[in-house]
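Reproduced below: run.pdb, with PDB, C-alpha atoms.
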ATOM      1  CA  MET A   1       3.748  15.773 -16.668
ATOM      2  CA  THR A   2       7.034  16.855 -15.250
ATOM      3  CA  GLY A   3       9.497  14.836 -13.245
ATOM      4  CA  GLU A   4       9.066  15.124  -9.508
ATOM      5  CA  THR A   5      11.634  14.862  -6.742
ATOM      6  CA  SER A   6      11.877  15.280  -3.005
ATOM      7  CA  GLY A   7      14.706  14.779  -0.564
ATOM      8  CA  PHE A   8      17.540  13.175  -2.487
ATOM      9  CA  GLY A   9      15.203  12.293  -5.353
ATOM     10  CA  VAL A  10      15.891  12.314  -9.041
ATOM     11  CA  ALA A  11      13.812  13.814 -11.834
ATOM     12  CA  ILE A  12      12.612  11.550 -14.625
ATOM     13  CA  PRO A  13      10.611  13.303 -17.333
ATOM     14  CA  GLY A  14       6.965  12.243 -17.192
ATOM     15  CA  VAL A  15       7.329  10.361 -13.914
ATOM     16  CA  ASP A  16       5.867  11.829 -10.752
ATOM     17  CA  GLU A  17       3.821  10.724  -7.763
ATOM     18  CA  ALA A  18       0.581  10.915  -9.752
ATOM     19  CA  SER A  19       1.887   8.698 -12.566
ATOM     20  CA  ILE A  20       3.286   6.231 -10.026
ATOM     21  CA  LYS A  21      -0.128   6.058  -8.339
ATOM     22  CA  THR A  22      -1.789   5.428 -11.712
ATOM     23  CA  LEU A  23       0.741   2.702 -12.519
ATOM     24  CA  VAL A  24       0.424   0.961  -9.146
ATOM     25  CA  HIS A  25      -3.379   1.071  -9.042
ATOM     26  CA  THR A  26      -3.808  -0.043 -12.667
ATOM     27  CA  PHE A  27      -1.255  -2.817 -12.270
ATOM     28  CA  TYR A  28      -2.726  -4.242  -9.067
ATOM     29  CA  ASP A  29      -6.251  -4.088 -10.497
ATOM     30  CA  ARG A  30      -4.913  -6.396 -13.205
ATOM     31  CA  VAL A  31      -3.053  -8.564 -10.705
ATOM     32  CA  ARG A  32      -6.169  -9.056  -8.606
ATOM     33  CA  ARG A  33      -8.115 -10.241 -11.679
ATOM     34  CA  ASP A  34      -5.350 -12.583 -12.858
ATOM     35  CA  SER A  35      -6.171 -16.282 -12.472
ATOM     36  CA  LEU A  36      -2.599 -17.311 -11.564
ATOM     37  CA  ILE A  37      -1.358 -14.626  -9.186
ATOM     38  CA  GLY A  38      -4.592 -12.935  -8.130
ATOM     39  CA  PRO A  39      -5.514 -15.624  -5.558
ATOM     40  CA  ILE A  40      -2.078 -15.353  -3.896
ATOM     41  CA  PHE A  41      -2.464 -11.608  -3.432
ATOM     42  CA  GLU A  42      -6.070 -11.888  -2.281
ATOM     43  CA  ALA A  43      -5.061 -14.452   0.361
ATOM     44  CA  GLN A  44      -2.328 -12.161   1.727
ATOM     45  CA  VAL A  45      -3.733  -8.627   1.518
ATOM     46  CA  ASP A  46      -6.467  -7.662   3.977
ATOM     47  CA  ASP A  47      -6.529  -3.898   3.384
ATOM     48  CA  TRP A  48      -6.028  -3.032  -0.279
ATOM     49  CA  PRO A  49      -6.133   0.772   0.112
ATOM     50  CA  GLU A  50      -3.361   0.639   2.745
ATOM     51  CA  HIS A  51      -1.383  -1.881   0.705
ATOM     52  CA  LEU A  52      -1.613   0.265  -2.433
ATOM     53  CA  ASP A  53      -0.414   3.300  -0.474
ATOM     54  CA  LYS A  54       2.640   1.287   0.644
ATOM     55  CA  LEU A  55       3.287   0.128  -2.906
ATOM     56  CA  CYS A  56       3.089   3.703  -4.202
ATOM     57  CA  ALA A  57       5.611   4.753  -1.549
ATOM     58  CA  PHE A  58       7.810   1.754  -2.445
ATOM     59  CA  TRP A  59       7.908   2.596  -6.168
ATOM     60  CA  SER A  60       8.386   6.290  -5.424
ATOM     61  CA  ASN A  61      11.405   5.345  -3.363
ATOM     62  CA  VAL A  62      12.763   2.848  -5.918
ATOM     63  CA  VAL A  63      12.446   5.095  -8.962
ATOM     64  CA  LEU A  64      12.479   8.678  -7.675
ATOM     65  CA  ARG A  65      14.579   7.967  -4.553
ATOM     66  CA  THR A  66      12.160   9.953  -2.390
ATOM     67  CA  GLY A  67      12.783   8.034   0.833
ATOM     68  CA  ARG A  68       9.026   7.531   1.234
ATOM     69  CA  TYR A  69       9.321   3.783   1.880
ATOM     70  CA  GLN A  70      11.395   2.335   4.703
ATOM     71  CA  GLY A  71      10.035  -1.227   4.870
ATOM     72  CA  ARG A  72      11.585  -4.611   4.252
ATOM     73  CA  PRO A  73       9.551  -6.161   1.438
ATOM     74  CA  MET A  74      11.704  -9.282   1.084
ATOM     75  CA  GLN A  75      10.652 -10.500   4.539
ATOM     76  CA  LYS A  76       6.982 -10.412   3.571
ATOM     77  CA  HIS A  77       7.562 -12.517   0.457
ATOM     78  CA  LEU A  78       9.910 -15.238   1.733
ATOM     79  CA  ARG A  79       7.250 -17.703   2.877
ATOM     80  CA  LEU A  80       4.721 -17.158   0.110
ATOM     81  CA  PRO A  81       3.747 -20.108  -2.125
ATOM     82  CA  ILE A  82       5.235 -18.570  -5.258
ATOM     83  CA  GLU A  83       7.230 -20.183  -8.031
ATOM     84  CA  ALA A  84       8.940 -19.127 -11.262
ATOM     85  CA  ALA A  85       5.648 -18.953 -13.181
ATOM     86  CA  HIS A  86       4.276 -16.471 -10.642
ATOM     87  CA  PHE A  87       7.279 -14.165 -11.069
ATOM     88  CA  ASP A  88       6.997 -14.416 -14.842
ATOM     89  CA  ARG A  89       3.300 -13.521 -14.798
ATOM     90  CA  TRP A  90       3.854 -10.631 -12.348
ATOM     91  CA  LEU A  91       6.578  -9.258 -14.609
ATOM     92  CA  ALA A  92       4.559  -9.699 -17.816
ATOM     93  CA  LEU A  93       1.662  -7.741 -16.319
ATOM     94  CA  PHE A  94       4.024  -5.127 -14.895
ATOM     95  CA  ARG A  95       5.886  -4.646 -18.184
ATOM     96  CA  ALA A  96       2.648  -4.222 -20.117
ATOM     97  CA  THR A  97       1.207  -1.785 -17.578
ATOM     98  CA  ALA A  98       4.390   0.287 -17.244
ATOM     99  CA  SER A  99       4.662   0.504 -21.026
ATOM    100  CA  GLU A 100       1.068   1.761 -21.254
ATOM    101  CA  ILE A 101       1.213   4.251 -18.357
ATOM    102  CA  MET A 102       4.733   5.668 -18.412
ATOM    103  CA  PRO A 103       6.670   7.479 -21.131
ATOM    104  CA  PRO A 104       9.192   5.153 -22.823
ATOM    105  CA  ASP A 105      12.236   6.225 -20.772
ATOM    106  CA  GLY A 106      10.262   6.026 -17.533
ATOM    107  CA  ALA A 107       8.792   2.642 -18.444
ATOM    108  CA  ALA A 108      12.291   1.305 -19.137
ATOM    109  CA  ILE A 109      13.420   2.366 -15.658
ATOM    110  CA  PHE A 110      10.410   0.799 -13.942
ATOM    111  CA  ILE A 111      10.786  -2.426 -15.914
ATOM    112  CA  ASP A 112      14.504  -2.645 -15.155
ATOM    113  CA  ARG A 113      13.842  -2.184 -11.430
ATOM    114  CA  ALA A 114      10.989  -4.702 -11.501
ATOM    115  CA  ASN A 115      13.231  -7.288 -13.176
ATOM    116  CA  ARG A 116      15.920  -6.766 -10.553
ATOM    117  CA  ILE A 117      13.425  -6.931  -7.699
ATOM    118  CA  ALA A 118      11.867 -10.118  -9.097
ATOM    119  CA  ASP A 119      15.292 -11.741  -9.361
ATOM    120  CA  SER A 120      16.183 -10.665  -5.841
ATOM    121  CA  PHE A 121      12.937 -12.005  -4.400
ATOM    122  CA  GLU A 122      13.184 -15.233  -6.370
ATOM    123  CA  LEU A 123      16.774 -15.767  -5.193
ATOM    124  CA  GLY A 124      15.801 -14.968  -1.604
ATOM    125  CA  ILE A 125      12.869 -17.361  -1.650
ATOM    126  CA  GLY A 126      15.025 -20.081  -3.205
ATOM    127  CA  SER A 127      17.644 -19.547  -0.509
ATOM    128  CA  VAL A 128      15.087 -19.968   2.279
ATOM    129  CA  ARG A 129      13.927 -23.170   0.588
ATOM    130  CA  GLY A 130      17.481 -24.458   0.233
ATOM    131  CA  GLU A 131      17.416 -24.126  -3.550
ATOM    132  CA  PHE A 132      20.099 -22.655  -5.771
ATOM    133  CA  ARG A 133      18.660 -20.289  -8.354
ATOM    134  CA  ALA A 134      20.219 -18.021 -10.936
ATOM    135  CA  PRO A 135      18.840 -14.609 -11.868
ATOM    136  CA  ARG A 136      16.414 -14.963 -14.776
ATOM    137  CA  HIS A 137      15.048 -11.501 -15.482
ATOM    138  CA  ALA A 138      17.523  -8.688 -14.929
ATOM    139  CA  PHE A 139      19.564  -7.480 -17.885
ATOM    140  CA  LYS A 140      22.991  -9.029 -17.746
ATOM    141  CA  MET A 141      25.911  -6.898 -18.835
ATOM    142  CA  PRO A 142      28.394  -8.594 -21.160
ATOM    143  CA  ARG A 143      31.732  -9.336 -19.599
ATOM    144  CA  PRO A 144      34.579  -7.106 -20.747
ATOM    145  CA  GLY A 145      37.263  -8.577 -22.853
TER     146      GLY A 145
END
Render the structure in this file as structure tokens.
Amino acid sequence: MTGETSGFGVAIPGVDEASIKTLVHTFYDRVRRDSLIGPIFEAQVDDWPEHLDKLCAFWSNVVLRTGRYQGRPMQKHLRLPIEAAHFDRWLALFRATASEIMPPDGAAIFIDRANRIADSFELGIGSVRGEFRAPRHAFKMPRPG
């Protein structure tokens, strides 16, 4: 596989639209079968093929910067009945799937972005609920000095 770009995209060796589609479809097959987070997704998603297309566009935009996704995913997650354990399970499944599907450098990028997205969503949901939360997943850079 070669890296793929479009628009203002970036090339990442071994990461292209086909590998993103494989990652997204494999991951959400696992999510749907998961006893903790599967029921939440099944209650919210009416059209899986359309939803998977959006998720492929989302990850293409996040990792390859293709501009394929223009939505506002935070809004759709703010009122969901999800807690810390749900984020942890989502990330554990995502990390395992990305590590299996993507080359090591590509997997590291996907996992980093997923950690940041999970923290952002968890902070946003906590804010709507009036809770103060600290980031739990994203890599934290050591302070200089």
message: Evaluated on this file, the PyMOL selection byres ((chain A and resi 98) around 8) picks out some residues - which ones are they, written as a ChimeraX atom specification?
response: /A:23,94-97,99-102,107,110-111
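Closest approach to Thr66 (chain A) among A:Asp34, A:Pro135, A:Ser120, A:Asp16: A:Asp16, based on only C-alpha atoms.
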field: Matched chain/residue IDs from the PyMOL selection byres ((chain A and resi 40-53) around 12), as number ranges by chain
entry: A: 17, 20-39, 54-60, 68-69, 73, 76-77, 79-83, 86-87, 90
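For the pair CA of Ala138 (chain A) and CA of Asn115 (chain A), the separation is 4.8 Å.
Distance-wise, CA of Asp88 (chain A) and CA of Leu123 (chain A) end up 13.8 Å apart.
Atom pair CA of Asn61 (chain A) / CA of Arg89 (chain A) has a distance of 23.5 Å (rounded to one decimal).
Nearest-residue note for Arg133 (chain A): choosing from A:Ala18, A:Leu93, A:Val63, A:Ala84, the minimum distance belongs to A:Ala84, counting all atoms listed in the file.
Near Leu78 (chain A), within 10 Å and counting all atoms listed in the file, sit Pro73, Phe121, Glu122, Leu123, Gly124, Ile125, Gly126, Ser127, Val128 and Arg129 of chain A, not including residues fewer than 5 positions from it in the same chain.
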Enclose all atoms of region 128-139 of chain A listed in the file in an axis-aligned box, grow every side by 6 Å, and hand back centre and edge lengths in Å to one decimal, as JSON.
{"center_x": 17.1, "center_y": -16.0, "center_z": -7.8, "size_x": 18.3, "size_y": 29.0, "size_z": 32.2}
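You can rank A:Pro103, A:Gln70, A:Leu91, A:Val62 by their closest distance to Val15 (chain A) using all atoms listed in the file, and at the top of that list sits A:Pro103.
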